[in-house]
Amino acid sequence: MNGTQVFSKSATHELECPECGHKQNMRLWDSVDGAEDFLLKSQIFDKTLHLFQCGKCPFNAWVEKELLYYDVRSRFMIYYLPEFEEDTLELDVSGFFAQENNPGFYLRIVTELEELVEKIRIFEDGLDDRAVELLKKSFLNNWYEHYPDRNVVLRYTQMARDDRRIKIHVFEPERNDVIALEFDFAQGYEKAMSMLSKASLLKKDICFLKVNQENVLPG
Ligand SMILES: [Zn+2]
């Protein structure tokens, strides 16, 4: 078995509108092949793939359903598991999706749609998400020293290849504000990579991992 034998898979489900009780069919995806199915990928990015829109009333909402996103070209698989337990950091998967069948793949668990989109961007750009999380972590330590009461969420957005910088957006939900940060690739990212390599964390995935700034390095 190899990665090229997997396809995007979907099934039709009957869903009931929680507002008015109207029942209608909706196609929901179990897996998405991001290297082939660009339309599905764009529907993940614009949050329409699993958007339930009631045919009888104005209700609409994202359907919280697990989804496996994989990309054999950029070599990663991300399990979107909205119900996954907060404290659990890894998931051992048998069969096709097991690590032994996918050597060298990044295997990740995410619990939020924004996280799924962010990880796709990171891996498509050829970056290691752990180094990106380290960059975020260093920024956040600094931020909360100065602004302990102002919560922010950091999301990788893109890499500026010409000038070798990494762009990360800082969202401040309470102020509905976004700041764009830029990290120098050589000083920031490569330094983070060398920290990871000293901690022996590079390319050692043995199962699907949850990776964020809280757990990027042990201890
Ligand atoms: Zn309805």
# chains A, B, ... in the order shown; residues from 1 in each chain; ligands from 1

call {"tool": "residues_near_ligand", "arguments": {"ligand": "ligand 1", "cutoff": "6 Å", "atoms": "only C-alpha atoms and all ligand atoms", "output": "JSON, numbers by chain"}}
result
{"A": [17, 19, 20, 22, 54, 56, 57, 59]}

call {"tool": "select_by_dssp", "arguments": {"residues": "region 82-179 of chain A", "states": "strand (DSSP E or B)", "output": "list of chain:residue names"}}
result
A:Glu90, A:Leu91, A:Tyr106, A:Leu107, A:Arg108, A:Ile109, A:Val110, A:Val153, A:Leu154, A:Arg155, A:Tyr156, A:Thr157, A:Gln158, A:Met159, A:Ala160, A:Arg165, A:Ile166, A:Lys167, A:Ile168, A:His169, A:Val170, A:Phe171, A:Glu172, A:Asp177, A:Val178, A:Ile179

call {"tool": "write_last_selection", "arguments": {"atoms": "C-alpha atoms", "output": "PDB file, in the first residue's frame"}}
result
ATOM      1  CA  GLU A  90      -0.970  11.690  20.641  1.00  0.00           C
ATOM      2  CA  LEU A  91      -2.988   9.086  18.825  1.00  0.00           C
ATOM      3  CA  TYR A 106       4.204  14.707   9.384  1.00  0.00           C
ATOM      4  CA  LEU A 107       1.232  13.257  11.277  1.00  0.00           C
ATOM      5  CA  ARG A 108      -0.812  15.748  13.239  1.00  0.00           C
ATOM      6  CA  ILE A 109      -4.010  16.065  15.234  1.00  0.00           C
ATOM      7  CA  VAL A 110      -5.903  19.351  15.289  1.00  0.00           C
ATOM      8  CA  VAL A 153      -3.846  33.965  19.020  1.00  0.00           C
ATOM      9  CA  LEU A 154      -0.991  33.518  16.557  1.00  0.00           C
ATOM     10  CA  ARG A 155      -1.461  31.949  13.120  1.00  0.00           C
ATOM     11  CA  TYR A 156       1.142  31.275  10.471  1.00  0.00           C
ATOM     12  CA  THR A 157       0.024  32.889   7.241  1.00  0.00           C
ATOM     13  CA  GLN A 158       2.741  32.654   4.636  1.00  0.00           C
ATOM     14  CA  MET A 159       6.393  32.713   3.804  1.00  0.00           C
ATOM     15  CA  ALA A 160       7.900  35.550   1.835  1.00  0.00           C
ATOM     16  CA  ARG A 165      10.900  36.000   6.076  1.00  0.00           C
ATOM     17  CA  ILE A 166       8.067  34.158   7.763  1.00  0.00           C
ATOM     18  CA  LYS A 167       4.757  35.924   8.278  1.00  0.00           C
ATOM     19  CA  ILE A 168       2.632  35.242  11.313  1.00  0.00           C
ATOM     20  CA  HIS A 169      -0.570  37.064  12.182  1.00  0.00           C
ATOM     21  CA  VAL A 170      -1.388  38.012  15.747  1.00  0.00           C
ATOM     22  CA  PHE A 171      -5.133  38.163  16.395  1.00  0.00           C
ATOM     23  CA  GLU A 172      -6.416  39.986  19.422  1.00  0.00           C
ATOM     24  CA  ASP A 177      -7.407  43.506  15.817  1.00  0.00           C
ATOM     25  CA  VAL A 178      -4.741  41.841  13.679  1.00  0.00           C
ATOM     26  CA  ILE A 179      -1.025  42.601  13.671  1.00  0.00           C
TER      27      ILE A 179
END

call {"tool": "select_by_dssp", "arguments": {"residues": "region 3-216 of chain A", "states": "helix (DSSP H, G or I)", "output": "PyMOL selection string"}}
result
chain A and resi 3-5+38-45+95-97+99-101+113-124+129-146+173-175+185-198

call {"tool": "atom_distance", "arguments": {"atom1": "CA of Phe123 (chain A)", "atom2": "CA of Asp71 (chain A)"}}
result
9.3 Å

call {"tool": "residues_around", "arguments": {"residues": "region 111-117 of chain A", "least_positions_apart": "5", "cutoff": "12 Å", "atoms": "only C-alpha atoms", "output": "PyMOL selection string"}}
result
chain A and resi 34+41-50+62-70+76-89+122-124+129+133+153-158+209-212

call {"tool": "atom_distance", "arguments": {"atom1": "CA of Ser10 (chain A)", "atom2": "CA of Ser31 (chain A)"}}
result
7.1 Å

call {"tool": "closest_residue", "arguments": {"among": "A:Asn151, A:Met195, A:Ser8, A:His13", "to": "Asp37 (chain A)", "atoms": "only C-alpha atoms"}}
result
A:Ser8

call {"tool": "closest_residue", "arguments": {"among": "A:Ala186, A:Ser74, A:Gln53, A:Ser194", "to": "Lys119 (chain A)", "atoms": "only C-alpha atoms"}}
result
A:Ser74

call {"tool": "residues_around", "arguments": {"residues": "Leu134 (chain A)", "least_positions_apart": "6", "cutoff": "12 Å", "atoms": "only C-alpha atoms", "output": "list in words"}}
result
Asp128, Leu140, Asn141, Leu154, Tyr156, Phe183, Gly188, Tyr189, Glu190, Lys191, Ala192, Met193, Ser194, Met195, Leu196, Val211, Asn212, Gln213, Glu214, Asn215, Val216, Leu217 and Pro218 of chain A

call {"tool": "closest_residue", "arguments": {"among": "A:Phe185, A:Trp29, A:Phe52, A:Trp143", "to": "Arg164 (chain A)", "atoms": "only C-alpha atoms"}}
result
A:Phe185

call {"tool": "atom_distance", "arguments": {"atom1": "CA of Asn60 (chain A)", "atom2": "CA of Phe7 (chain A)"}}
result
28.1 Å

call {"tool": "decode", "arguments": {"residues": "region 34-83 of chain A", "atoms": "C-alpha atoms", "output": "short mmCIF file (atom, residue, chain, number, x, y, z; two decimals), in the first residue's frame"}}
result
data_model
loop_
_atom_site.label_atom_id
_atom_site.label_comp_id
_atom_site.auth_asym_id
_atom_site.auth_seq_id
_atom_site.Cartn_x
_atom_site.Cartn_y
_atom_site.Cartn_z
CA GLY A 34 -5.36 18.00 -0.68
CA ALA A 35 -2.75 17.35 -3.37
CA GLU A 36 -5.48 16.47 -5.92
CA ASP A 37 -8.76 18.01 -4.88
CA PHE A 38 -8.19 21.74 -4.96
CA LEU A 39 -11.87 22.57 -4.78
CA LEU A 40 -12.27 20.64 -1.52
CA LYS A 41 -9.16 22.27 -0.17
CA SER A 42 -10.46 25.74 -0.99
CA GLN A 43 -13.75 24.84 0.73
CA ILE A 44 -11.80 23.99 3.88
CA PHE A 45 -9.98 27.32 3.65
CA ASP A 46 -13.18 29.32 3.21
CA LYS A 47 -15.07 27.18 5.76
CA THR A 48 -17.81 26.03 3.41
CA LEU A 49 -16.97 22.31 3.10
CA HIS A 50 -19.16 21.26 6.03
CA LEU A 51 -21.31 24.33 6.32
CA PHE A 52 -24.90 23.26 7.01
CA GLN A 53 -27.40 25.72 5.58
CA CYS A 54 -30.99 25.01 6.44
CA GLY A 55 -33.35 25.02 3.45
CA LYS A 56 -36.30 26.19 5.55
CA CYS A 57 -34.90 28.78 7.94
CA PRO A 58 -31.84 31.09 8.15
CA PHE A 59 -29.87 28.71 10.40
CA ASN A 60 -26.37 27.79 9.29
CA ALA A 61 -23.41 26.27 11.13
CA TRP A 62 -20.23 24.30 10.55
CA VAL A 63 -20.81 20.58 11.15
CA GLU A 64 -18.27 19.34 13.69
CA LYS A 65 -17.19 16.13 12.08
CA GLU A 66 -13.84 14.43 12.00
CA LEU A 67 -11.89 14.65 8.79
CA LEU A 68 -8.57 13.34 7.59
CA TYR A 69 -6.66 15.73 5.35
CA TYR A 70 -3.64 14.31 3.56
CA ASP A 71 -1.18 15.47 0.98
CA VAL A 72 1.21 12.90 -0.49
CA ARG A 73 3.13 15.58 -2.36
CA SER A 74 4.06 17.66 0.68
CA ARG A 75 4.01 14.49 2.82
CA PHE A 76 1.68 15.19 5.67
CA MET A 77 -1.58 13.99 7.17
CA ILE A 78 -3.69 16.00 9.54
CA TYR A 79 -6.55 14.52 11.53
CA TYR A 80 -9.15 17.14 12.32
CA LEU A 81 -10.78 15.74 15.47
CA PRO A 82 -13.05 18.39 17.02
CA GLU A 83 -13.95 16.12 19.94
#
